[in-house]
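my_file.json (JSON, C-alpha atoms) appears below.
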```
[["chain", "number", "residue", "atom", "x", "y", "z"],
["A", 1, "MET", "CA", 0.00, 0.00, 0.00],
["A", 2, "GLU", "CA", 1.43, 3.29, -1.12],
["A", 3, "GLU", "CA", 2.27, 5.77, 1.55],
["A", 4, "GLN", "CA", -0.13, 8.68, 1.44],
["A", 5, "ILE", "CA", 1.42, 12.06, 0.77],
["A", 6, "GLU", "CA", 0.03, 14.98, 2.70],
["A", 7, "LEU", "CA", -0.84, 17.79, 0.34],
["A", 8, "ARG", "CA", -0.30, 21.32, 1.53],
["A", 9, "HIS", "CA", -3.03, 23.75, 0.63],
["A", 10, "TRP", "CA", -0.93, 26.76, -0.25],
["A", 11, "ASP", "CA", -4.01, 28.53, -1.56],
["A", 12, "GLU", "CA", -5.41, 28.61, 1.98],
["A", 13, "LEU", "CA", -2.60, 30.63, 3.50],
["A", 14, "ILE", "CA", -3.60, 34.03, 4.83],
["A", 15, "PRO", "CA", -2.68, 36.99, 2.56],
["A", 16, "ASP", "CA", 0.00, 38.46, 4.81],
["A", 17, "ALA", "CA", 1.77, 35.08, 4.99],
["A", 18, "LEU", "CA", 1.65, 34.84, 1.23],
["A", 19, "GLY", "CA", 3.07, 38.33, 1.07],
["A", 20, "LEU", "CA", 6.09, 37.27, 3.08],
["A", 21, "ILE", "CA", 6.65, 34.34, 0.72],
["A", 22, "PHE", "CA", 6.18, 36.41, -2.42],
["A", 23, "SER", "CA", 8.71, 38.98, -1.21],
["A", 24, "ASN", "CA", 11.42, 36.48, -2.21],
["A", 25, "LEU", "CA", 10.32, 36.59, -5.85],
["A", 26, "SER", "CA", 11.13, 39.08, -8.55],
["A", 27, "LEU", "CA", 8.66, 41.78, -9.50],
["A", 28, "GLN", "CA", 8.10, 40.09, -12.86],
["A", 29, "GLU", "CA", 7.15, 36.82, -11.17],
["A", 30, "VAL", "CA", 4.82, 38.49, -8.71],
["A", 31, "LEU", "CA", 3.00, 40.44, -11.39],
["A", 32, "THR", "CA", 2.78, 37.75, -14.07],
["A", 33, "VAL", "CA", 3.26, 34.28, -12.65],
["A", 34, "ILE", "CA", 1.76, 34.39, -9.16],
["A", 35, "PRO", "CA", -1.66, 35.78, -10.21],
["A", 36, "SER", "CA", -2.02, 32.94, -12.71],
["A", 37, "VAL", "CA", -1.60, 30.19, -10.11],
["A", 38, "CYS", "CA", -4.95, 30.49, -8.33],
["A", 39, "LYS", "CA", -7.61, 32.97, -7.31],
["A", 40, "SER", "CA", -6.44, 33.28, -3.71],
["A", 41, "TRP", "CA", -2.90, 34.11, -4.80],
["A", 42, "ARG", "CA", -4.20, 36.65, -7.27],
["A", 43, "LYS", "CA", -6.26, 38.20, -4.51],
["A", 44, "ALA", "CA", -3.24, 38.27, -2.22],
["A", 45, "VAL", "CA", -1.06, 40.15, -4.69],
["A", 46, "THR", "CA", -3.68, 42.83, -5.25],
["A", 47, "GLY", "CA", -3.93, 43.74, -1.56],
["A", 48, "PRO", "CA", -1.69, 45.90, 0.60],
["A", 49, "TYR", "CA", 0.00, 43.06, 2.48],
["A", 50, "CYS", "CA", 3.05, 42.91, 0.22],
["A", 51, "TRP", "CA", 3.48, 46.61, -0.45],
["A", 52, "GLN", "CA", 4.88, 47.71, 2.86],
["A", 53, "GLU", "CA", 8.40, 48.25, 1.49],
["A", 54, "VAL", "CA", 9.27, 49.49, -1.98],
["A", 55, "ASP", "CA", 12.85, 49.82, -3.25],
["A", 56, "ILE", "CA", 13.17, 50.96, -6.86],
["A", 57, "GLU", "CA", 16.27, 53.09, -6.46],
["A", 58, "GLU", "CA", 18.45, 51.36, -9.04],
["A", 59, "TRP", "CA", 15.76, 51.25, -11.69],
["A", 60, "SER", "CA", 14.50, 54.78, -11.06],
["A", 61, "SER", "CA", 17.96, 56.27, -11.54],
["A", 62, "ARG", "CA", 17.80, 55.28, -15.24],
["A", 63, "CYS", "CA", 14.14, 55.37, -16.20],
["A", 64, "GLN", "CA", 12.15, 58.09, -17.93],
["A", 65, "PRO", "CA", 10.54, 60.69, -15.62],
["A", 66, "HIS", "CA", 6.96, 59.91, -16.69],
["A", 67, "HIS", "CA", 7.57, 56.20, -16.18],
["A", 68, "LEU", "CA", 8.84, 56.86, -12.67],
["A", 69, "ASP", "CA", 5.87, 59.02, -11.74],
["A", 70, "ARG", "CA", 3.36, 56.45, -12.90],
["A", 71, "MET", "CA", 5.23, 53.60, -11.28],
["A", 72, "LEU", "CA", 5.25, 55.37, -7.92],
["A", 73, "ARG", "CA", 1.61, 56.36, -8.10],
["A", 74, "MET", "CA", 0.58, 52.78, -8.82],
["A", 75, "LEU", "CA", 2.72, 51.17, -6.13],
["A", 76, "ILE", "CA", 1.88, 53.70, -3.45],
["A", 77, "THR", "CA", -1.82, 53.49, -4.25],
["A", 78, "ARG", "CA", -1.68, 49.72, -3.88],
["A", 79, "SER", "CA", -0.07, 50.02, -0.48],
["A", 80, "SER", "CA", -3.34, 51.48, 0.83],
["A", 81, "GLY", "CA", -1.56, 53.47, 3.51],
["A", 82, "SER", "CA", 0.63, 50.58, 4.72],
["A", 83, "LEU", "CA", 3.87, 51.78, 3.07],
["A", 84, "ARG", "CA", 6.66, 51.78, 5.65],
["A", 85, "LYS", "CA", 9.72, 52.16, 3.45],
["A", 86, "LEU", "CA", 10.33, 53.85, 0.10],
["A", 87, "CYS", "CA", 13.68, 54.07, -1.69],
["A", 88, "VAL", "CA", 13.67, 55.90, -5.02],
["A", 89, "SER", "CA", 16.02, 58.13, -6.96],
["A", 90, "GLY", "CA", 15.44, 61.14, -9.16],
["A", 91, "LEU", "CA", 12.00, 62.53, -8.39],
["A", 92, "HIS", "CA", 11.57, 65.13, -11.11],
["A", 93, "ASN", "CA", 8.96, 67.48, -9.69],
["A", 94, "ASP", "CA", 7.14, 68.72, -6.61],
["A", 95, "SER", "CA", 3.95, 66.93, -7.56],
["A", 96, "ILE", "CA", 5.23, 63.39, -7.08],
["A", 97, "PHE", "CA", 6.94, 64.29, -3.80],
["A", 98, "SER", "CA", 3.67, 65.75, -2.56],
["A", 99, "PHE", "CA", 1.87, 62.57, -3.61],
["A", 100, "ILE", "CA", 4.32, 60.49, -1.58],
["A", 101, "THR", "CA", 3.72, 62.59, 1.52],
["A", 102, "GLU", "CA", -0.06, 62.32, 1.08],
["A", 103, "ASN", "CA", 0.31, 58.57, 1.54],
["A", 104, "ALA", "CA", 2.98, 58.63, 4.24],
["A", 105, "GLY", "CA", 0.83, 57.83, 7.26],
["A", 106, "SER", "CA", 2.90, 54.72, 8.07],
["A", 107, "LEU", "CA", 6.17, 55.72, 6.38],
["A", 108, "GLN", "CA", 9.29, 55.32, 8.50],
["A", 109, "THR", "CA", 12.09, 55.22, 5.91],
["A", 110, "LEU", "CA", 12.22, 57.63, 2.98],
["A", 111, "ARG", "CA", 15.12, 57.74, 0.58],
["A", 112, "VAL", "CA", 14.79, 60.20, -2.33],
["A", 113, "ARG", "CA", 18.34, 60.85, -3.47],
["A", 114, "ARG", "CA", 19.09, 63.00, -6.53],
["A", 115, "SER", "CA", 15.58, 64.41, -6.51],
["A", 116, "GLU", "CA", 14.42, 67.84, -7.64],
["A", 117, "MET", "CA", 11.70, 68.81, -5.21],
["A", 118, "SER", "CA", 11.85, 72.36, -3.91],
["A", 119, "ASP", "CA", 12.09, 73.99, -0.51],
["A", 120, "SER", "CA", 8.52, 75.22, -0.81],
["A", 121, "VAL", "CA", 6.94, 71.79, -1.33],
["A", 122, "VAL", "CA", 8.94, 70.32, 1.55],
["A", 123, "GLU", "CA", 7.82, 73.14, 3.79],
["A", 124, "ARG", "CA", 4.19, 72.57, 2.81],
["A", 125, "THR", "CA", 4.25, 68.78, 3.22],
["A", 126, "ALA", "CA", 6.74, 68.08, 6.03],
["A", 127, "GLY", "CA", 3.88, 67.80, 8.50],
["A", 128, "ARG", "CA", 2.76, 64.61, 6.76],
["A", 129, "LEU", "CA", 6.11, 62.94, 7.46],
["A", 130, "SER", "CA", 5.78, 62.86, 11.24],
["A", 131, "THR", "CA", 6.45, 59.09, 11.42],
["A", 132, "ILE", "CA", 9.77, 59.24, 9.56],
["A", 133, "THR", "CA", 12.83, 57.90, 11.40],
["A", 134, "PHE", "CA", 15.24, 57.61, 8.42],
["A", 135, "LEU", "CA", 15.52, 60.27, 5.71],
["A", 136, "ASP", "CA", 17.97, 60.46, 2.81],
["A", 137, "LEU", "CA", 18.05, 63.74, 0.89],
["A", 138, "SER", "CA", 21.51, 63.32, -0.59],
["A", 139, "TYR", "CA", 22.33, 65.13, -3.83],
["A", 140, "CYS", "CA", 19.02, 67.02, -3.81],
["A", 141, "GLY", "CA", 20.28, 70.35, -5.10],
["A", 142, "LYS", "CA", 17.06, 72.34, -5.06],
["A", 143, "ILE", "CA", 16.45, 72.17, -1.32],
["A", 144, "GLY", "CA", 18.35, 73.83, 1.48],
["A", 145, "ALA", "CA", 18.06, 75.08, 5.03],
["A", 146, "ARG", "CA", 14.37, 75.94, 4.70],
["A", 147, "ALA", "CA", 13.46, 72.35, 3.86],
["A", 148, "LEU", "CA", 15.67, 70.90, 6.60],
["A", 149, "GLU", "CA", 14.23, 73.26, 9.19],
["A", 150, "ALA", "CA", 10.67, 72.26, 8.23],
["A", 151, "ILE", "CA", 11.60, 68.58, 8.46],
["A", 152, "GLY", "CA", 13.21, 69.09, 11.85],
["A", 153, "ARG", "CA", 10.15, 70.88, 13.21],
["A", 154, "HIS", "CA", 7.71, 68.18, 12.10],
["A", 155, "CYS", "CA", 9.71, 64.93, 12.09],
["A", 156, "LYS", "CA", 10.32, 64.51, 15.79],
["A", 157, "LEU", "CA", 11.12, 60.79, 15.46],
["A", 158, "LEU", "CA", 13.96, 61.33, 12.98],
["A", 159, "VAL", "CA", 17.18, 59.60, 14.06],
["A", 160, "THR", "CA", 19.05, 59.29, 10.73],
["A", 161, "LEU", "CA", 19.57, 62.05, 8.18],
["A", 162, "CYS", "CA", 21.67, 61.63, 5.04],
["A", 163, "ARG", "CA", 22.44, 64.92, 3.32],
["A", 164, "ASN", "CA", 25.54, 64.11, 1.29],
["A", 165, "MET", "CA", 26.50, 66.17, -1.72],
["A", 166, "HIS", "CA", 28.60, 65.51, -4.81],
["A", 167, "PRO", "CA", 32.26, 66.65, -4.66],
["A", 168, "LEU", "CA", 31.71, 68.99, -7.62],
["A", 169, "ASP", "CA", 29.03, 70.82, -5.66],
["A", 170, "ALA", "CA", 31.69, 71.96, -3.22],
["A", 171, "ALA", "CA", 34.14, 73.24, -5.81],
["A", 172, "SER", "CA", 34.86, 76.99, -5.86],
["A", 173, "LYS", "CA", 32.06, 77.92, -3.45],
["A", 174, "LEU", "CA", 31.96, 79.82, -0.18],
["A", 175, "LEU", "CA", 31.04, 78.31, 3.17],
["A", 176, "GLN", "CA", 27.34, 77.67, 3.70],
["A", 177, "ASP", "CA", 26.52, 76.86, 7.30],
["A", 178, "ASP", "CA", 22.78, 77.45, 7.10],
["A", 179, "GLU", "CA", 21.89, 73.77, 6.61],
["A", 180, "ALA", "CA", 24.12, 72.66, 9.47],
["A", 181, "ASN", "CA", 22.60, 75.30, 11.73],
["A", 182, "ALA", "CA", 19.07, 74.20, 10.75],
["A", 183, "ILE", "CA", 19.96, 70.62, 11.70],
["A", 184, "ALA", "CA", 21.46, 71.68, 15.02],
["A", 185, "THR", "CA", 18.44, 73.81, 15.85],
["A", 186, "THR", "CA", 15.65, 71.35, 15.00],
["A", 187, "MET", "CA", 16.99, 67.75, 15.11],
["A", 188, "PRO", "CA", 18.27, 67.02, 18.62],
["A", 189, "ARG", "CA", 17.41, 63.29, 18.48],
["A", 190, "LEU", "CA", 19.71, 62.44, 15.57],
["A", 191, "LYS", "CA", 21.90, 59.39, 16.03],
["A", 192, "ARG", "CA", 23.40, 59.32, 12.56],
["A", 193, "LEU", "CA", 24.16, 62.29, 10.32],
["A", 194, "GLU", "CA", 25.85, 62.22, 6.92],
["A", 195, "MET", "CA", 26.99, 65.54, 5.44],
["A", 196, "ALA", "CA", 29.79, 64.50, 3.08],
["A", 197, "TYR", "CA", 31.15, 67.23, 0.80],
["A", 198, "HIS", "CA", 29.21, 69.99, 2.50],
["A", 199, "LEU", "CA", 30.51, 73.52, 2.66],
["A", 200, "ILE", "CA", 30.46, 73.83, 6.43],
["A", 201, "SER", "CA", 32.77, 75.26, 9.05],
["A", 202, "THR", "CA", 34.21, 73.79, 12.22],
["A", 203, "GLY", "CA", 31.94, 76.03, 14.27],
["A", 204, "SER", "CA", 28.76, 74.69, 12.67],
["A", 205, "VAL", "CA", 29.92, 71.11, 13.27],
["A", 206, "MET", "CA", 30.56, 71.84, 16.94],
["A", 207, "ASN", "CA", 27.11, 73.40, 17.09],
["A", 208, "ILE", "CA", 25.63, 70.13, 15.79],
["A", 209, "LEU", "CA", 27.60, 68.09, 18.32],
["A", 210, "ALA", "CA", 26.42, 70.30, 21.17],
["A", 211, "SER", "CA", 22.79, 70.12, 20.05],
["A", 212, "CYS", "CA", 22.61, 66.40, 19.17],
["A", 213, "PRO", "CA", 23.86, 64.54, 22.26],
["A", 214, "GLN", "CA", 22.69, 61.13, 20.99],
["A", 215, "LEU", "CA", 24.80, 61.30, 17.81],
["A", 216, "GLU", "CA", 26.71, 58.08, 17.17],
["A", 217, "LEU", "CA", 27.95, 58.58, 13.59],
["A", 218, "LEU", "CA", 28.92, 61.81, 11.85],
["A", 219, "ASP", "CA", 30.11, 61.63, 8.25],
["A", 220, "LEU", "CA", 32.16, 64.69, 7.28],
["A", 221, "ARG", "CA", 34.14, 63.21, 4.41],
["A", 222, "GLY", "CA", 35.07, 65.93, 1.97],
["A", 223, "CYS", "CA", 34.16, 68.79, 4.34],
["A", 224, "TRP", "CA", 37.59, 70.29, 3.87],
["A", 225, "ASP", "CA", 37.11, 73.40, 6.03],
["A", 226, "VAL", "CA", 36.29, 71.38, 9.15],
["A", 227, "LYS", "CA", 39.20, 71.07, 11.56],
["A", 228, "LEU", "CA", 38.52, 68.84, 14.56],
["A", 229, "ASP", "CA", 40.83, 68.19, 17.48],
["A", 230, "SER", "CA", 40.98, 64.40, 17.62],
["A", 231, "GLN", "CA", 42.01, 64.31, 21.28],
["A", 232, "LEU", "CA", 39.20, 66.67, 22.27],
["A", 233, "MET", "CA", 36.69, 64.61, 20.29],
["A", 234, "LYS", "CA", 37.75, 61.40, 22.05],
["A", 235, "GLU", "CA", 37.44, 62.98, 25.45],
["A", 236, "LYS", "CA", 34.23, 64.91, 24.93],
["A", 237, "PHE", "CA", 32.40, 62.52, 22.58],
["A", 238, "PRO", "CA", 33.76, 59.02, 23.33],
["A", 239, "LYS", "CA", 30.83, 57.19, 21.73],
["A", 240, "LEU", "CA", 30.84, 59.23, 18.52],
["A", 241, "LYS", "CA", 32.37, 57.90, 15.31],
["A", 242, "VAL", "CA", 33.48, 60.62, 12.90],
["A", 243, "LEU", "CA", 34.32, 59.93, 9.26],
["A", 244, "GLY", "CA", 36.50, 62.48, 7.50],
["A", 245, "PRO", "CA", 36.91, 65.23, 6.71],
["A", 246, "PHE", "CA", 39.77, 63.69, 4.74],
["A", 247, "VAL", "CA", 38.96, 61.02, 2.17],
["A", 248, "MET", "CA", 41.64, 58.39, 2.45],
["A", 249, "ASP", "CA", 40.91, 56.49, -0.76],
["A", 250, "TYR", "CA", 38.10, 57.54, -3.07],
["A", 251, "TYR", "CA", 34.64, 58.97, -2.61],
["A", 252, "GLU", "CA", 32.34, 56.08, -1.85],
["A", 253, "MET", "CA", 29.24, 56.62, 0.25],
["A", 254, "ASP", "CA", 27.68, 53.22, -0.41],
["A", 255, "ASP", "CA", 29.67, 51.60, 2.39],
["A", 256, "TRP", "CA", 27.29, 53.32, 4.78],
["A", 257, "ASP", "CA", 24.09, 52.87, 2.78],
["A", 258, "ASP", "CA", 22.85, 49.96, 4.86],
["A", 259, "ASP", "CA", 19.29, 51.03, 5.41],
["A", 260, "CYS", "CA", 18.08, 50.24, 1.90],
["A", 261, "SER", "CA", 20.82, 48.07, 0.45],
["A", 262, "GLU", "CA", 20.80, 45.38, 3.12],
["A", 263, "TYR", "CA", 17.63, 43.97, 1.63],
["A", 264, "SER", "CA", 18.69, 44.14, -1.99],
["A", 265, "VAL", "CA", 18.20, 41.16, -4.26],
["A", 266, "ASN", "CA", 19.77, 41.46, -7.68],
["A", 267, "SER", "CA", 17.30, 40.68, -10.41],
["A", 268, "GLU", "CA", 17.40, 41.37, -14.12],
["A", 269, "TYR", "CA", 14.32, 42.35, -16.03],
["A", 270, "LEU", "CA", 13.85, 42.10, -19.72],
["A", 271, "ALA", "CA", 12.71, 45.22, -21.53],
["A", 272, "TRP", "CA", 9.06, 44.40, -21.22],
["A", 273, "GLU", "CA", 6.28, 46.90, -20.91],
["A", 274, "PHE", "CA", 5.33, 47.92, -17.40],
["A", 275, "GLU", "CA", 2.08, 46.67, -16.00],
["A", 276, "MET", "CA", -0.29, 49.36, -14.80],
["A", 277, "GLY", "CA", -3.42, 47.51, -13.77],
["A", 278, "ASP", "CA", -4.84, 50.54, -11.99],
["A", 279, "TYR", "CA", -4.74, 52.73, -15.08],
["A", 280, "GLU", "CA", -6.51, 52.65, -18.40],
["A", 281, "ASP", "CA", -3.94, 53.90, -20.94],
["A", 282, "TYR", "CA", -1.59, 50.96, -20.83],
["A", 283, "ASP", "CA", 0.05, 51.64, -24.16],
["A", 284, "ILE", "CA", 1.84, 54.70, -22.82],
["A", 285, "TYR", "CA", 4.06, 52.44, -20.72],
["A", 286, "ASP", "CA", 5.74, 50.85, -23.74],
["A", 287, "GLY", "CA", 9.47, 50.60, -23.23],
["A", 288, "MET", "CA", 9.33, 51.44, -19.56],
["A", 289, "TRP", "CA", 12.06, 48.97, -18.77],
["A", 290, "HIS", "CA", 14.49, 50.39, -21.34],
["A", 291, "ASP", "CA", 17.23, 52.74, -20.42],
["A", 292, "ASP", "CA", 18.99, 54.94, -22.97],
["A", 293, "GLU", "CA", 21.41, 52.19, -23.95],
["A", 294, "GLY", "CA", 18.90, 49.39, -23.95],
["A", 295, "ARG", "CA", 20.57, 47.65, -21.01],
["A", 296, "PHE", "CA", 18.66, 45.53, -18.58],
["A", 297, "GLU", "CA", 18.00, 47.22, -15.26],
["A", 298, "GLU", "CA", 16.93, 45.94, -11.91],
["A", 299, "LEU", "CA", 14.00, 46.82, -9.75],
["A", 300, "GLU", "CA", 13.09, 45.45, -6.36],
["A", 301, "LEU", "CA", 9.93, 45.62, -4.30],
["A", 302, "ARG", "CA", 9.63, 44.42, -0.74],
["A", 303, "PHE", "CA", 6.40, 42.79, 0.41],
["A", 304, "TYR", "CA", 4.98, 43.67, -2.95],
["A", 305, "GLU", "CA", 1.74, 42.46, -4.39],
["A", 306, "GLY", "CA", 0.72, 42.80, -7.98],
["A", 307, "ASN", "CA", -2.35, 42.23, -10.06],
["A", 308, "GLY", "CA", -2.70, 39.14, -12.21],
["A", 309, "GLU", "CA", -4.61, 41.00, -14.88],
["A", 310, "GLU", "CA", -1.54, 43.09, -15.56],
["A", 311, "ALA", "CA", 0.51, 40.27, -17.04],
["A", 312, "GLY", "CA", -1.13, 40.56, -20.41],
["A", 313, "ILE", "CA", -1.10, 44.36, -20.28],
["A", 314, "LEU", "CA", 2.62, 44.41, -19.73],
["A", 315, "GLY", "CA", 3.35, 42.09, -22.58],
["A", 316, "TRP", "CA", 5.26, 39.87, -20.16],
["A", 317, "PRO", "CA", 5.34, 36.16, -20.94],
["A", 318, "GLN", "CA", 2.59, 34.09, -19.43],
["A", 319, "SER", "CA", 3.42, 31.63, -16.69],
["A", 320, "PRO", "CA", 4.13, 28.04, -17.76]]
```
Do you think you could lay out the structure here as structure tokens?
Amino acid sequence: MEEQIELRHWDELIPDALGLIFSNLSLQEVLTVIPSVCKSWRKAVTGPYCWQEVDIEEWSSRCQPHHLDRMLRMLITRSSGSLRKLCVSGLHNDSIFSFITENAGSLQTLRVRRSEMSDSVVERTAGRLSTITFLDLSYCGKIGARALEAIGRHCKLLVTLCRNMHPLDAASKLLQDDEANAIATTMPRLKRLEMAYHLISTGSVMNILASCPQLELLDLRGCWDVKLDSQLMKEKFPKLKVLGPFVMDYYEMDDWDDDCSEYSVNSEYLAWEFEMGDYEDYDIYDGMWHDDEGRFEELELRFYEGNGEEAGILGWPQSP
């Protein structure tokens, strides 16, 4: 008599458990393969359970602006207010930044490097980011002290701020301590602060140290005008780790980019059309996965859930 095999009813798992499982798959698989397996899986990938963390930083740094805007609007809408983490690069206007903040009720980590939002939109919307604990505004050239001051006033839970700049931004310019002073004045709970290649003085750095007693890491690489007494720093701030201002090897900030990269999973995506199940004009997303050189790019979503109907819209291959 043959031994009976116990069948597992994977279709009976609760949606949030399925979301945890699906988070190990690529975006392509979640949007095209999973919805075709069974109705319960399709239902699971259309809910908010898998859209708590979204990381599209690599892909967004090379995509077209209108593709990025539509991608973000779709993913954030699907999160239904459960989005806790968003990593994206190159926001091209105030409108999309405002949209992000409108849906930031649960957001704790926000990384929007190389983005072009303005001081004015940050000032208007900072009050919606009250739950933020990690914020990366590196290489955002259109914001300054006004935006940082607004963030400090409203984001009382903020413990990590990344405000690194490109080395060329510091070339042939005068000292600008206004951002450092805004941080010192409004962000006393910071534990980690990155200000590489900022045009700041020693005085403004000491002001930050005096105002942020919980600081554990201060990145000053490339802040050439800062002169710190190493012995004094050891005695007065024994728990503080300071990087810089001298760059020993080459400029590389990614060594400290743990908050988003620690979850990365490298995946390659063919140049298929992007699925936009929540929109009607699907043809406008043709070529969304192409960059200027036609190379394959990667995109990662954490706890994502897609919509099975989108597989055909995207032009992605059907599941076996």
Between A:Leu199, A:Thr133, A:Lys241, A:Glu194, which one has atoms that come closest to A:Asp219, using all atoms listed in the file?
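Smallest distance to A:Asp219 is found for A:Glu194.
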Tell me which protein, DNA and RNA residues are within 10 Å of stretch 200-205 of chain A, counting all atoms listed in the file, leaving out same-chain ones fewer than 2 positions away, and put them as an MDAnalysis selection string.
chainID A and resid 170 174:184 195:198 207:211 218 220 223:228
Dump as a PDB file, keeping the file's coordinate frame, selection limited to C-alpha atoms:
```pdb
ATOM      1  CA  ALA A 170      31.690  71.960  -3.220  1.00  0.00           C
ATOM      2  CA  LEU A 174      31.960  79.820  -0.180  1.00  0.00           C
ATOM      3  CA  LEU A 175      31.040  78.310   3.170  1.00  0.00           C
ATOM      4  CA  GLN A 176      27.340  77.670   3.700  1.00  0.00           C
ATOM      5  CA  ASP A 177      26.520  76.860   7.300  1.00  0.00           C
ATOM      6  CA  ASP A 178      22.780  77.450   7.100  1.00  0.00           C
ATOM      7  CA  GLU A 179      21.890  73.770   6.610  1.00  0.00           C
ATOM      8  CA  ALA A 180      24.120  72.660   9.470  1.00  0.00           C
ATOM      9  CA  ASN A 181      22.600  75.300  11.730  1.00  0.00           C
ATOM     10  CA  ALA A 182      19.070  74.200  10.750  1.00  0.00           C
ATOM     11  CA  ILE A 183      19.960  70.620  11.700  1.00  0.00           C
ATOM     12  CA  ALA A 184      21.460  71.680  15.020  1.00  0.00           C
ATOM     13  CA  MET A 195      26.990  65.540   5.440  1.00  0.00           C
ATOM     14  CA  ALA A 196      29.790  64.500   3.080  1.00  0.00           C
ATOM     15  CA  TYR A 197      31.150  67.230   0.800  1.00  0.00           C
ATOM     16  CA  HIS A 198      29.210  69.990   2.500  1.00  0.00           C
ATOM     17  CA  ASN A 207      27.110  73.400  17.090  1.00  0.00           C
ATOM     18  CA  ILE A 208      25.630  70.130  15.790  1.00  0.00           C
ATOM     19  CA  LEU A 209      27.600  68.090  18.320  1.00  0.00           C
ATOM     20  CA  ALA A 210      26.420  70.300  21.170  1.00  0.00           C
ATOM     21  CA  SER A 211      22.790  70.120  20.050  1.00  0.00           C
ATOM     22  CA  LEU A 218      28.920  61.810  11.850  1.00  0.00           C
ATOM     23  CA  LEU A 220      32.160  64.690   7.280  1.00  0.00           C
ATOM     24  CA  CYS A 223      34.160  68.790   4.340  1.00  0.00           C
ATOM     25  CA  TRP A 224      37.590  70.290   3.870  1.00  0.00           C
ATOM     26  CA  ASP A 225      37.110  73.400   6.030  1.00  0.00           C
ATOM     27  CA  VAL A 226      36.290  71.380   9.150  1.00  0.00           C
ATOM     28  CA  LYS A 227      39.200  71.070  11.560  1.00  0.00           C
ATOM     29  CA  LEU A 228      38.520  68.840  14.560  1.00  0.00           C
TER      30      LEU A 228
END
```
Which one is closest to A:Val112: A:Pro238, A:Pro15, A:Pro48, A:Gly141? Count all atoms listed in the file.
A:Gly141
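Nearest-residue note for A:Ser82: choosing from A:Ile96, A:Ala171, A:Gly105, A:Asp69, the minimum distance belongs to A:Gly105, counting only C-alpha atoms.
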Write out as a short mmCIF file (atom, residue, chain, number, x, y, z; two decimals) with C-alpha atoms, in the frame of the given file which residues come within 12 Å of A:Pro65 when counting all atoms listed in the file, dropping same-chain ones fewer than 5 positions away.
```cif
data_model
loop_
_atom_site.label_atom_id
_atom_site.label_comp_id
_atom_site.auth_asym_id
_atom_site.auth_seq_id
_atom_site.Cartn_x
_atom_site.Cartn_y
_atom_site.Cartn_z
CA TRP A 59 15.76 51.25 -11.69
CA SER A 60 14.50 54.78 -11.06
CA ARG A 70 3.36 56.45 -12.90
CA MET A 71 5.23 53.60 -11.28
CA LEU A 72 5.25 55.37 -7.92
CA SER A 89 16.02 58.13 -6.96
CA GLY A 90 15.44 61.14 -9.16
CA LEU A 91 12.00 62.53 -8.39
CA HIS A 92 11.57 65.13 -11.11
CA ASN A 93 8.96 67.48 -9.69
CA ILE A 96 5.23 63.39 -7.08
CA SER A 115 15.58 64.41 -6.51
CA GLU A 116 14.42 67.84 -7.64
CA TYR A 285 4.06 52.44 -20.72
CA MET A 288 9.33 51.44 -19.56
CA ASP A 291 17.23 52.74 -20.42
#
```
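Distances to A:Asp169 were evaluated for A:Met187, A:Phe134, A:Gly222, A:Cys212 using all atoms listed in the file, and the minimum falls at A:Gly222.
In terms of minimum interatomic distance to A:Leu240, A:Arg192 ranks closest within A:Arg192, A:Arg78, A:Lys173, A:Arg153, counting all atoms listed in the file.
Of the residues under consideration (A:Arg73, A:His166, A:Arg113, A:Arg124), A:Arg124 shows the shortest atom-to-atom contact distance to A:Glu149 when counting only C-alpha atoms.
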Could you work out how far atom CA of A:Leu107 lies from atom CA of A:Thr185, giving the answer in Å with one decimal?
23.8 Å
Please check which residues have atoms at most 10 Å from (5.1, 54.6, 7.3) in the file's coordinates, counting all atoms listed in the file, and write them as a PyMOL selection string.
chain A and resi 52-53+81-86+101+103-110+129-133
